$ cat input.txt   # compact mmCIF, C-alpha atoms
# COMPACT_ATOMS: atom_id res chain seq x y z
CA MET X 313 0.00 0.00 0.00
CA GLY X 314 3.02 2.27 0.16
CA GLU X 315 5.99 3.22 2.27
CA CYS X 316 6.40 5.92 4.85
CA THR X 317 8.92 7.17 7.33
CA VAL X 318 9.20 9.57 10.22
CA THR X 319 10.30 13.02 9.06
CA LEU X 320 11.69 16.20 10.61
CA GLU X 321 8.26 17.77 10.14
CA ASP X 322 6.81 14.97 12.29
CA VAL X 323 9.36 15.65 15.03
CA HIS X 324 8.48 19.34 15.07
CA ILE X 325 4.70 18.87 15.02
CA LEU X 326 4.62 15.99 17.51
CA LEU X 327 7.27 17.07 20.01
CA GLY X 328 7.54 20.80 19.33
CA LEU X 329 11.31 20.59 18.96
CA SER X 330 13.16 22.97 16.69
CA THR X 331 14.33 21.49 13.40
CA ASN X 332 16.25 24.61 12.41
CA GLY X 333 19.40 25.85 14.03
CA LYS X 334 22.92 24.79 14.81
CA ALA X 335 23.94 21.16 14.52
CA VAL X 336 24.20 19.25 17.77
CA PHE X 337 27.51 17.45 18.12
CA GLY X 338 30.20 17.06 20.68
CA ASN X 339 32.91 14.98 22.24
CA VAL X 340 31.50 11.99 24.10
CA GLN X 341 34.54 11.91 26.36
CA GLN X 342 33.65 15.00 28.39
CA PRO X 343 35.49 15.08 31.70
CA ASN X 344 33.57 14.03 34.80
CA VAL X 345 34.39 17.44 36.27
CA LEU X 346 31.92 18.99 33.82
CA CYS X 347 29.20 16.61 35.03
CA GLU X 348 29.95 17.40 38.64
CA GLN X 349 29.95 21.14 37.87
CA MET X 350 26.65 21.15 36.01
CA LEU X 351 24.71 18.36 37.73
CA GLY X 352 26.31 18.23 41.15
CA VAL X 353 26.89 14.47 40.95
CA ASP X 354 29.75 12.21 40.00
CA LEU X 355 28.36 10.16 37.09
CA ILE X 356 31.41 8.01 36.50
CA GLU X 357 32.61 6.89 39.92
CA GLY X 358 30.86 5.67 43.06
CA GLU X 359 27.27 6.05 44.12
CA GLY X 360 26.78 9.17 41.99
CA ARG X 361 26.69 6.91 38.93
CA GLU X 362 23.34 5.48 40.05
CA ARG X 363 22.01 8.88 41.15
CA GLY X 364 22.73 10.24 37.64
CA ARG X 365 20.12 7.92 36.16
CA ASP X 366 16.41 8.58 36.10
CA GLN X 367 14.99 6.30 38.80
CA GLY X 368 11.77 5.60 36.82
CA THR X 369 13.14 4.58 33.42
CA GLY X 370 16.88 4.24 34.00
CA ASN X 371 17.52 6.80 31.23
CA SER X 372 20.57 8.98 31.32
CA VAL X 373 21.91 11.93 29.36
CA ASN X 374 24.89 11.31 27.09
CA PHE X 375 27.95 13.30 28.13
CA MET X 376 28.09 14.60 24.57
CA TYR X 377 25.19 16.98 25.24
CA SER X 378 26.24 18.30 28.64
CA SER X 379 28.43 21.12 27.32
CA LEU X 380 25.56 22.27 25.06
CA LEU X 381 23.26 22.62 28.06
CA GLU X 382 25.63 24.86 29.99
CA ASP X 383 24.34 28.18 28.58
CA ILE X 384 20.52 28.42 28.93
CA ASP X 385 20.26 31.11 26.22
CA GLU X 386 22.15 28.96 23.70
CA ILE X 387 19.98 25.84 24.10
CA LYS X 388 17.21 27.18 21.85
CA THR X 389 19.67 27.84 18.99
CA TYR X 390 20.24 24.13 18.31
CA SER X 391 18.25 21.77 16.08
CA TRP X 392 17.17 19.30 18.78
CA GLY X 393 14.55 17.79 16.48
CA SER X 394 17.32 16.64 14.13
CA VAL X 395 19.02 14.88 17.04
CA VAL X 396 15.83 13.04 18.02
CA LEU X 397 15.21 11.90 14.43
CA ALA X 398 18.81 10.83 13.81
CA TYR X 399 18.89 8.92 17.10
CA LEU X 400 15.55 7.27 16.27
CA TYR X 401 16.83 6.05 12.89
CA CYS X 402 20.02 4.73 14.48
CA SER X 403 18.01 3.11 17.27
CA LEU X 404 15.60 1.40 14.91
CA CYS X 405 18.58 -0.42 13.42
CA LYS X 406 19.61 -1.61 16.90
CA ASN X 407 16.01 -2.61 17.71
CA THR X 408 15.82 -4.98 14.73
CA LYS X 409 18.75 -7.13 15.82
CA TYR X 410 17.67 -10.63 16.82
CA ASP X 411 19.40 -10.47 20.22
CA SER X 412 18.01 -7.04 21.18
CA CYS X 413 15.74 -7.11 24.23
CA THR X 414 15.69 -3.36 24.91
CA PHE X 415 13.96 -0.62 22.92
CA TYR X 416 16.35 2.13 21.97
CA GLY X 417 15.18 5.60 20.96
CA CYS X 418 12.33 7.88 21.93
CA ALA X 419 9.52 5.33 22.38
CA PHE X 420 6.90 7.98 23.20
CA PHE X 421 7.69 9.80 19.96
CA LEU X 422 7.45 6.65 17.84
CA GLN X 423 4.21 5.55 19.52
CA THR X 424 2.65 8.99 19.11
CA TRP X 425 3.72 9.05 15.45
CA GLY X 426 1.93 5.73 14.92
CA TRP X 427 -1.22 6.98 16.63
CA TRP X 428 -1.13 10.21 14.63
CA ARG X 429 -0.62 8.57 11.24
CA MET X 430 -2.79 5.49 11.93
CA PRO X 431 -5.68 6.68 14.11
CA VAL X 432 -7.28 3.23 14.05
CA LEU X 433 -4.48 2.16 16.43
CA ALA X 434 -4.84 5.12 18.79
CA PRO X 435 -6.78 5.12 22.04
CA LYS X 436 -9.93 7.22 22.08
CA ASN X 437 -8.97 10.68 23.17
CA PRO X 438 -11.37 13.44 24.23
CA HIS X 439 -8.66 16.12 23.99
CA ILE X 440 -8.48 18.47 21.02
CA TYR X 441 -5.31 19.08 19.04
CA ILE X 442 -2.78 21.28 20.77
CA PHE X 443 0.85 22.02 19.92
CA PRO X 444 2.93 20.00 20.28
CA TYR X 445 0.61 17.24 19.12
CA ALA X 446 2.14 14.53 21.35
CA SER X 447 0.92 16.38 24.44
CA ARG X 448 -2.60 15.36 23.37
CA PHE X 449 -1.72 11.79 24.34
CA ASN X 450 -0.14 12.70 27.67
CA ALA X 451 -3.42 12.45 29.55
CA THR X 452 -5.15 10.15 31.99
CA GLU X 453 -8.54 10.15 30.26
CA LEU X 454 -7.44 8.06 27.28
CA ASP X 455 -9.78 5.16 26.49
CA TYR X 456 -7.94 1.95 25.59
CA THR X 457 -10.98 -0.35 25.43
CA LYS X 458 -10.58 -0.83 21.68
CA THR X 459 -6.82 -1.33 21.99
CA PRO X 460 -6.02 -4.03 24.54
CA VAL X 461 -2.74 -3.74 26.38
CA ASN X 462 0.02 -6.32 25.74
CA LYS X 463 -1.86 -8.06 22.93
CA ILE X 464 0.77 -8.37 20.20
CA ILE X 465 -1.46 -10.62 18.05
CA PHE X 466 -4.26 -8.02 18.17
CA TYR X 467 -1.92 -5.29 16.91
CA ARG X 468 -0.41 -7.49 14.21
CA GLN X 469 -3.91 -8.19 12.92
CA LEU X 470 -4.72 -4.47 12.95
CA TYR X 471 -1.59 -3.75 10.90
CA ASP X 472 -2.44 -6.55 8.47
CA ARG X 473 -5.92 -5.07 7.91
CA LEU X 474 -4.76 -1.49 7.32
CA ARG X 475 -5.86 -0.02 4.00
CA PRO X 476 -4.44 3.10 2.31
CA HIS X 477 -7.24 5.31 3.66
CA ASP X 478 -6.47 4.15 7.25
CA PHE X 479 -3.11 5.92 7.08
CA ILE X 480 -2.86 9.71 7.19
CA TRP X 481 -0.27 10.34 4.50
CA ARG X 482 -0.24 14.09 4.86
CA PRO X 483 -1.59 15.81 7.99
$ encode --input "input.txt" --output "structure tokens"
Amino acid sequence: MGECTVTLEDVHILLGLSTNGKAVFGNVQQPNVLCEQMLGVDLIEGEGRERGRDQGTGNSVNFMYSSLLEDIDEIKTYSWGSVVLAYLYCSLCKNTKYDSCTFYGCAFFLQTWGWWRMPVLAPKNPHIYIFPYASRFNATELDYTKTPVNKIIFYRQLYDRLRPHDFIWRP
């Protein structure tokens, strides 16, 4: 029925991140001193290593970005949407490996993209569109009765039954 992919426009509309601006790059071998200066914790040695992780998801921030976050006024001049998209593409390659048991990448972004482009998969949502679009799905009133949780066979069947008009090709 066709092919599609996640685009920079999707990143901007869904997450509200800038897709224009300076490229985000850096040295991944930033000294621990920078982490201690900016975050107040030692992320490499001792107990600070565990405190540097998000206790809910276990996520952490790559050292590469820490120097870019130092100046609050400069943060908005970078193309953070490009970073999210590039990391998602790279992560999707990792996710397809047969021995991968962890999802890499921005799962919320990918899930929201699927719900946006294929509304038949999305939970019922009483909220109207707001910018960024993904915030529409960050609510407690979502109705999942038509989309059972942890039912991989159900979702595979939904994908198999998709027709071209079930996919929003251009929002």
$ residues_around --input "input.txt" --residues "Trp392 (chain X)" --least-positions-apart "3" --cutoff "8 Å" --atoms "all atoms listed in the file" --output "list of chain:residue names"
X:Leu329, X:Ser330, X:Thr331, X:Val336, X:Val395, X:Val396
$ closest_residue --input "input.txt" --among "X:Leu326, X:Phe415, X:Leu381, X:Met430" --to "Arg473 (chain X)" --atoms "all atoms listed in the file"
X:Met430
$ residues_around --input "input.txt" --residues "Cys316 (chain X)" --least-positions-apart "4" --cutoff "10 Å" --atoms "all atoms listed in the file" --output "number ranges by chain"
X: 429, 479, 481
$ atom_distance --input "input.txt" --atom1 "CA of Glu382 (chain X)" --atom2 "CA of Leu400 (chain X)"
24.5 Å
$ closest_residue --input "input.txt" --among "X:Gln423, X:Glu315, X:Asp354, X:Tyr390" --to "Pro435 (chain X)" --atoms "all atoms listed in the file"
X:Gln423
$ atom_distance --input "input.txt" --atom1 "CA of Thr319 (chain X)" --atom2 "CA of Arg468 (chain X)"
23.7 Å
$ atom_distance --input "input.txt" --atom1 "CA of Leu474 (chain X)" --atom2 "CA of Gly393 (chain X)"
28.8 Å
$ residues_around --input "input.txt" --residues "region 403-408 of chain X" --least-positions-apart "5" --cutoff "12 Å" --atoms "all atoms listed in the file" --output "list in words"
Thr317, Val318, Val395, Val396, Leu397, Ala398, Cys413, Thr414, Phe415, Tyr416, Gly417, Cys418, Ala419 and Leu422 of chain X
$ residues_near_point --input "input.txt" --point "(12.0, 26.5, 16.0)" --cutoff "12 Å" --atoms "only C-alpha atoms" --output "PyMOL selection string"
chain X and resi 320-321+323-325+327-334+387-394+444
$ closest_residue --input "input.txt" --among "X:Val345, X:Ala335, X:Val432, X:Ile384" --to "Tyr467 (chain X)" --atoms "only C-alpha atoms"
X:Val432
